[in-house]
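Peer 1: Take a look at the following structure, please.
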Amino acid sequence: MPPNNQTDIALYAQLRASHPEAERAFAELYRRHAPRINAYCKRVLGSREESSDVFQETFARFYESAQTAAERTMTNVPAYLLVIARNLCLQHKRNTRVTFRFEDYDSPDHHAVRRIEENELLSLITTALELLDFEHREAFVLREYDGLSHQEIAEFLNSNEATIRTRVHRAKQKIRQILSPYLHDLNK
């Protein structure tokens, strides 16, 4: 059966198979889940360079887990990948000092004022996210960018729903507070 017709769980099991079969299974799992994991890493870490390293390490560890686990029971590949990414993001945050900077943009359009303003706003939002502590940023990203419910986030983070609601609410308040001077200037 072609890899694109198989379930995530069947593909995970094939990661322990012979090289060509394992390679095809990994490629399909990567195709399915890389965009979401990459977006999560970028949003949580706030830097393309840092998130790229963590993103790549996530899939390396995922592949290794299939090789080293003796008949690991896999029930939810996307959740497992997210747990690996989250743990690596937490580890990265612990091991690096906080720096505040604006992201560089690959191809700024100097002719369109609107594009420049949009880039500036995206930079401000990125900076606002960086100013949040990890717990608030993570809850906000999972809720607003990944679209998870408060209950799903609580289950994923091994927390309770009320705590998650509070973290998301406080993250939104802090972001509004950080962006309010800029947004006030736009309305003039």
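Chain lettering (A, B, ...) mirrors the order of the structure tokens, residue numbering begins at 1 for each chain separately, and ligand numbering begins at 1 in order of display.
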If you run DSSP over the backbone, which residues in range 19-183 of chain A end up helix (DSSP H, G or I)? Put them as number ranges by chain.
Peer 2: A: 19-45, 48-68, 77-95, 113-131, 134-145, 150-157, 161-183
